[in-house]
>>> print(open('query_18.txt').read())   # compact mmCIF, C-alpha atoms
# COMPACT_ATOMS: atom_id res chain seq x y z
CA MET X 27 163.22 124.03 92.90
CA THR X 28 165.54 124.50 89.97
CA ILE X 29 165.66 127.18 87.34
CA ASP X 30 164.49 124.64 84.77
CA SER X 31 161.31 123.84 86.69
CA VAL X 32 160.57 127.55 87.18
CA MET X 33 161.07 128.13 83.46
CA ASP X 34 158.81 125.16 82.68
CA ILE X 35 156.01 126.43 84.92
CA THR X 36 156.37 129.92 83.44
CA ARG X 37 156.26 128.52 79.90
CA GLN X 38 153.14 126.49 80.71
CA ALA X 39 151.45 129.50 82.32
CA LEU X 40 152.20 131.81 79.37
CA TYR X 41 151.00 129.21 76.88
CA LEU X 42 147.80 128.76 78.89
CA ILE X 43 147.21 132.52 78.99
CA ILE X 44 147.55 132.73 75.22
CA GLU X 45 145.41 129.64 74.66
CA VAL X 46 142.61 130.83 76.96
CA SER X 47 142.51 134.43 75.75
CA LEU X 48 142.78 133.65 72.05
CA PRO X 49 139.07 132.90 71.31
CA VAL X 50 137.86 136.14 72.89
CA LEU X 51 140.58 138.21 71.22
CA LEU X 52 139.88 136.68 67.81
CA VAL X 53 136.16 137.40 68.14
CA SER X 54 136.92 141.00 69.09
CA LEU X 55 139.35 141.35 66.21
CA CYS X 56 136.91 139.94 63.64
CA VAL X 57 134.01 142.08 64.85
CA GLY X 58 136.19 145.19 64.87
CA LEU X 59 137.38 144.44 61.34
CA ALA X 60 133.84 143.85 60.10
CA VAL X 61 132.59 147.10 61.63
CA SER X 62 135.57 148.99 60.20
CA ILE X 63 134.84 147.64 56.73
CA PHE X 64 131.17 148.57 57.18
CA GLN X 65 132.18 152.10 58.23
CA THR X 66 134.48 152.45 55.23
CA VAL X 67 131.87 151.24 52.77
CA THR X 68 129.10 153.46 54.16
CA SER X 69 131.35 156.45 54.97
CA ILE X 70 130.10 156.49 58.55
CA GLN X 71 132.91 157.84 60.72
CA GLU X 72 131.39 157.40 64.17
CA GLN X 73 134.16 156.36 66.58
CA THR X 74 131.84 154.78 69.15
CA LEU X 75 130.09 152.49 66.65
CA THR X 76 132.52 149.61 67.21
CA PHE X 77 132.07 149.40 70.98
CA VAL X 78 128.54 148.00 71.25
CA PRO X 79 128.96 145.14 68.75
CA LYS X 80 132.36 144.27 70.26
CA ILE X 81 131.01 144.23 73.81
CA ILE X 82 128.07 142.04 72.80
CA CYS X 83 130.23 139.60 70.83
CA VAL X 84 132.90 139.40 73.53
CA PHE X 85 130.21 138.70 76.12
CA LEU X 86 128.72 135.97 73.93
CA SER X 87 132.15 134.44 73.36
CA LEU X 88 132.76 134.43 77.11
CA VAL X 89 129.43 132.66 77.59
CA LEU X 90 130.32 130.17 74.88
CA PHE X 91 133.97 129.53 75.83
CA GLY X 92 133.80 130.32 79.56
CA ASN X 93 133.36 126.75 80.72
CA TRP X 94 136.34 125.57 78.69
CA MET X 95 138.45 128.52 79.85
CA MET X 96 137.66 127.91 83.51
CA THR X 97 138.30 124.18 83.18
CA ALA X 98 141.73 124.79 81.63
CA LEU X 99 142.67 127.26 84.37
CA VAL X 100 141.45 124.98 87.15
CA GLU X 101 143.37 122.01 85.72
CA PHE X 102 146.56 124.08 85.59
CA MET X 103 146.14 125.31 89.16
CA THR X 104 145.30 121.80 90.36
CA SER X 105 148.49 120.46 88.80
CA LEU X 106 150.49 123.26 90.43
CA TRP X 107 149.02 122.60 93.87
CA SER X 108 149.32 118.82 93.58
CA ASN X 109 153.06 119.17 92.85
CA PHE X 110 153.63 121.79 95.54
CA GLY X 111 155.66 119.42 97.73
CA MET X 112 157.96 118.64 94.83
CA TYR X 113 158.51 122.35 94.19
CA MET X 114 159.52 122.91 97.80
CA GLY X 115 162.10 120.16 97.65
CA GLY X 116 160.12 117.54 99.50
>>> encode(input="query_18.txt", output="structure tokens")
Amino acid sequence: MTIDSVMDITRQALYLIIEVSLPVLLVSLCVGLAVSIFQTVTSIQEQTLTFVPKIICVFLSLVLFGNWMMTALVEFMTSLWSNFGMYMGG
């Protein structure tokens, strides 16, 4: 196994991590921003107000995107295991 193939696998893994986590992180970011704007407009300064809407929206996004996320991860792992002999020099 060469340095180039290790770097390629690492690059693919990091890209997959970013790709899979992006929908959930964007939902959390948007909900947090909306709640912060709501708090600013209404002058409510409760620190725990953002947690419940974020948890609910992150859970819903996991339900919505979970199948796609799992499929992408399984495809990556399947490709790694199917090329295992090549990685070991065989």
>>> closest_residue(input="query_18.txt", among="X:Ser108, X:Thr36, X:Ile82, X:Ile44", to="Gly58 in chain X", atoms="only C-alpha atoms")
X:Ile82
>>> atom_distance(input="query_18.txt", atom1="CA of Met27 in chain X", atom2="CA of Thr104 in chain X")
18.2 Å
>>> residues_around(input="query_18.txt", residues="Ser87 in chain X", least_positions_apart="6", cutoff="8 Å", atoms="only C-alpha atoms", output="ChimeraX atom specification")
/X:49-50,53
>>> atom_distance(input="query_18.txt", atom1="CA of Thr97 in chain X", atom2="CA of Leu42 in chain X")
11.4 Å
>>> atom_distance(input="query_18.txt", atom1="CA of Gln65 in chain X", atom2="CA of Ile81 in chain X")
17.5 Å
>>> closest_residue(input="query_18.txt", among="X:Cys83, X:Gln71, X:Met96, X:Tyr113", to="Ile43 in chain X", atoms="all atoms listed in the file")
X:Met96
>>> residues_around(input="query_18.txt", residues="Leu99 in chain X", least_positions_apart="2", cutoff="12 Å", atoms="all atoms listed in the file", output="PyMOL selection string")
chain X and resi 38-47+92-97+101-106
>>> closest_residue(input="query_18.txt", among="X:Arg37, X:Gly111, X:Leu51, X:Thr28", to="Leu88 in chain X", atoms="only C-alpha atoms")
X:Leu51
>>> axis_aligned_box(input="query_18.txt", around="range 95-107 of chain X", padding_each_side="5 Å", output="lines of an AutoDock Vina configuration file")
center_x = 144.1
center_y = 124.5
center_z = 86.9
size_x = 22.8
size_y = 18.1
size_z = 24.0
>>> closest_residue(input="query_18.txt", among="X:Phe64, X:Asp34, X:Val84, X:Ile29", to="Leu48 in chain X", atoms="all atoms listed in the file")
X:Val84
>>> closest_residue(input="query_18.txt", among="X:Cys56, X:Phe110, X:Ile70, X:Phe77", to="Ile35 in chain X", atoms="all atoms listed in the file")
X:Phe110
